[in-house]
Amino acid sequence: MSQGQSQHEDEIRRLAEARASEPGALLPILHAIQDRFGYVPEEGVPVVAEVLNLSRAEVHGVVTFYHFFRTHAPGKKTLYICRAEACQSMGSRALETYARKKLNVDFHETTADGRVSLEPVYCLGNCACSPAVMLDETVYGRVTPQRLDEILS
Amino acid sequence: MAVTTKIFVPSDTTARSLGADAVAAAVASEAARRGAKVEIVRNGSRGLYWLEPLVEVLVGNERIAYGPVAAADVPALFDAGFLTGGKHALTLGPTEKIDYLARQTRLTFARVGVIDPVSLDDYRAHGGYRGLANALKMSGADIVAAVTDSGLRGRGGAAFPTGIKWKTVLGTNADQKYVVCNADEGDSGTFADRMILESDPFVLIEGMTIAGIAVGATRGFIYIRAEYPQGIKTTREAIERAKAAGFLGDNVQGSGKAFHLEVREAAGAYICGEETSLLESLEGKRGMVRYRPPLPAIKGLFGKPTIINNVLSLASVPIILDKGAAFYKNFGVGRSRGTITIQLAGNVKRGGLIELAFGLPLKEILYDFGGGSASGRPIRAVQAGGPLGAYVHPSQFGTPFDYEQFAAVGAMVGHGGLVVFDDTVDMGEQARFAMEFCAIESCGKCTPCRIGAVRGVEVIDRIRNGENETGNLALLRDLCDTMVTGSLCALGGMAPFPVLSVLNHFPEDLKARTSWPPVG
């Protein structure tokens, strides 16, 4: 095992132990890990399982149930495109197609240069000013293909 | 001596998504350049979203609105004397007199957009914490009776009487009880919960504290979706401030009663808006729906009696305890009492938050408030109540907006979201999406939902590709029937509603398509 991996494990253990006594600690721990690394590294699963006295299967099951948790490192930035109905009514299907073509990726993929990951999202609560996208944690409303170019540049 | 002028620039997500931060920065730098003394308050949004970023200037005792303001407009606004309410092309006049707002009845949203969201002083100066003060003088049973008598029904979508849930928790003995707020607002076309979290989090904190005091629950959780980073941040900050001021903790306002509250971040599963799935998630598990009974009110979070309510239900409690059950009940019609926060969204000219007594016909909401479609084309359909709600046909637009009358036409009020579509919409595509969404978001526990949604997409594709159209249309209805009657929860049980509404009201769109290539 490489040095880097074991450092991950040490840090994951610290993050998990810091929250282990909270009731229902698993989601807060996974959030803390993803906040730190940008994803939940596979080697973290047995560590978290051990700290919480759960089986690996249980932790794996939770990580994979929730769309928000990623198991691979994302690009430098993540672009979330809303695919839900309010955005559909204002042209999000065309925007989605444009973004996939422009970035040359499908949903859940990262551009070849590692700059942008593309994710679908089902509602950002910005439905009165659709279509909406979110770049990391910044939401943009009334997004046209031109505006998307600006946002990504 | 120069006076300091108060300027309000919303910090709400939608306002920011349209450039409010740049506007606030431009106001600050322009004021500095001109030597004008200004205090910029980052208030929440009034919910007049087509006018965002909506900047307000306090002139005398009145707030004068300008909007929608772009950062580039700011120098011209200063030139026009907007610090003293001067006229400019973007002048909207006194905010409270803007027709869209003036016609509303803001009870739950009384402070939203008015105050600084995390200022406890602002909250209290605008009537905040009066409900809790009254509650602390009452018995638990009397508080529960007030909520029951107000006629408040669950604003999350199911419309179950809130007071009944509370009464069950009150009457169940346990060493620990919980209050859980469902802030997993996943329905497209809805943003009212987000607005409370971002614009007036104290009203939710107060409502949950009252709930805890009423039933003897000492611990609360607010489960907020990960897609709302700003709501999470603002609510966490408000909780810290409420703690510091003795409104949360071991001894709430010297009453000897404890109530502890924390935010838990969700992780992007729509199903976790279903209450038992949400409880599983809070316990650190996969968000799998639970069988009922037992009810969460008897065996809820960690197996303990739990009040679980939507943000809007809990945020409506302070005004009920402040002004009395009769005051609240006086609004509304039939069995739909009080106000409903309508969220007008999608292809609509004037989208936003409209809080009204129940009973206004849909048509008036769409045209008088909404001004018709954003595109200027005829409105062809409105999806009411989120992704599991029916598409309402224009022939039904006369229906008054209340729980029973919507149900009578096969539609639902749900969480109050209305998504408008113009006549360019392909309703067959919308029906397909309803099934696709259900397939993506199904927790997988019950077969009708897990398998049915996948088959639904396939059958719709076959119909649209002209494969045995008649037989597959019959099969689709049969499948919908299986899902409605056989699913464990509302996801599989209601995902067929938009599909059926398309079959019933827009059949011309759900048939073999003549275009090529095939769909799916």
# chains A, B, ... in the order shown; residues from 1 in each chain; ligands from 1
call {"tool": "closest_atom_pairs", "arguments": {"of": "chain A", "to": "chain B", "cutoff": "8 Å", "atoms": "only C-alpha atoms", "output": "Markdown table"}}
result
| residue | atom | partner | partner_atom | distance |
| --- | --- | --- | --- | --- |
| A:Pro23 | CA | B:Glu283 | CA | 6.9 |
| A:Gly24 | CA | B:Glu283 | CA | 4.0 |
| A:Ala25 | CA | B:Gly284 | CA | 6.0 |
| A:Leu26 | CA | B:Gly284 | CA | 4.7 |
| A:Leu27 | CA | B:Gly284 | CA | 5.4 |
| A:Pro28 | CA | B:Glu265 | CA | 7.2 |
| A:His31 | CA | B:Glu265 | CA | 7.9 |
| A:Glu58 | CA | B:Lys285 | CA | 7.9 |
| A:Gly61 | CA | B:Arg286 | CA | 6.8 |
| A:Val62 | CA | B:Arg286 | CA | 4.9 |
| A:Phe65 | CA | B:Arg286 | CA | 6.0 |
| A:Tyr66 | CA | B:Ala267 | CA | 5.6 |
| A:His67 | CA | B:Gly268 | CA | 5.2 |
| A:Phe68 | CA | B:Ala267 | CA | 4.9 |
| A:Phe69 | CA | B:Ala267 | CA | 6.8 |
| A:Ala84 | CA | B:Ser188 | CA | 5.8 |
| A:Glu85 | CA | B:Ser188 | CA | 5.9 |
| A:Ala86 | CA | B:Gly346 | CA | 4.2 |
| A:Cys87 | CA | B:Gly346 | CA | 6.3 |
| A:Gln88 | CA | B:Gly346 | CA | 7.9 |
| A:Ser89 | CA | B:Phe421 | CA | 5.4 |
| A:Met90 | CA | B:Asn347 | CA | 5.8 |
| A:Tyr122 | CA | B:Gly186 | CA | 7.1 |
| A:Cys123 | CA | B:Ser188 | CA | 5.4 |
| A:Leu124 | CA | B:Glu227 | CA | 5.9 |
| A:Gly125 | CA | B:Phe191 | CA | 4.7 |
| A:Asn126 | CA | B:Thr14 | CA | 5.6 |
| A:Cys127 | CA | B:Gly189 | CA | 5.1 |
| A:Ala128 | CA | B:Ala345 | CA | 4.2 |
| A:Cys129 | CA | B:Tyr49 | CA | 7.2 |
| A:Ser130 | CA | B:Gly346 | CA | 6.3 |
| A:Glu137 | CA | B:Pro229 | CA | 6.7 |
| A:Thr138 | CA | B:Ser17 | CA | 7.5 |
| A:Val139 | CA | B:Ser17 | CA | 5.1 |
| A:Tyr140 | CA | B:Ser17 | CA | 4.1 |
| A:Gly141 | CA | B:Ser17 | CA | 5.0 |
| A:Arg142 | CA | B:Leu18 | CA | 7.9 |
call {"tool": "select_by_dssp", "arguments": {"residues": "segment 26-147 of chain A", "states": "helix (DSSP H, G or I)", "output": "PyMOL selection string"}}
result
chain A and resi 26-37+44-52+56-65+85-88+92-103+127-129+145-147
call {"tool": "residues_around", "arguments": {"residues": "Arg100 of chain A", "least_positions_apart": "5", "cutoff": "12 Å", "atoms": "only C-alpha atoms", "output": "ChimeraX atom specification"}}
result
/A:79-81,93-95,105-111,116-120,145,148
call {"tool": "residues_around", "arguments": {"residues": "Ile12 of chain A", "least_positions_apart": "5", "cutoff": "8 Å", "atoms": "only C-alpha atoms", "output": "short mmCIF file (atom, residue, chain, number, x, y, z; two decimals) with C-alpha atoms, in the first residue's frame"}}
result
data_model
loop_
_atom_site.label_atom_id
_atom_site.label_comp_id
_atom_site.auth_asym_id
_atom_site.auth_seq_id
_atom_site.Cartn_x
_atom_site.Cartn_y
_atom_site.Cartn_z
CA ILE A 33 -14.92 12.74 4.16
CA GLY A 44 -12.25 4.67 3.66
CA VAL A 47 -12.12 2.32 8.25
CA VAL A 48 -15.52 3.91 8.77
#
call {"tool": "residues_around", "arguments": {"residues": "Ile298 of chain B", "least_positions_apart": "2", "cutoff": "12 Å", "atoms": "only C-alpha atoms", "output": "PyMOL selection string"}}
result
chain B and resi 165-174+176-178+292-296+300-308
call {"tool": "atom_distance", "arguments": {"atom1": "atom CA of Gly398 of chain B", "atom2": "atom CA of Leu500 of chain B"}}
result
20.3 Å
call {"tool": "residues_around", "arguments": {"residues": "Lys329 of chain B", "least_positions_apart": "2", "cutoff": "6 Å", "atoms": "only C-alpha atoms", "output": "list of chain:residue names"}}
result
B:Ser150, B:Gly151, B:Ala326, B:Phe327, B:Phe331, B:Arg337, B:Gly338
call {"tool": "residues_around", "arguments": {"residues": "Arg290 of chain B", "least_positions_apart": "3", "cutoff": "9 Å", "atoms": "only C-alpha atoms", "output": "number ranges by chain"}}
result
B: 275-277, 280, 293, 445, 488-489
call {"tool": "select_by_dssp", "arguments": {"residues": "segment 16-257 of chain B", "states": "strand (DSSP E)", "output": "VMD selection string"}}
result
chain B and resid 38 to 41 55 to 59 62 to 66 91 to 94 178 to 183 219 to 224
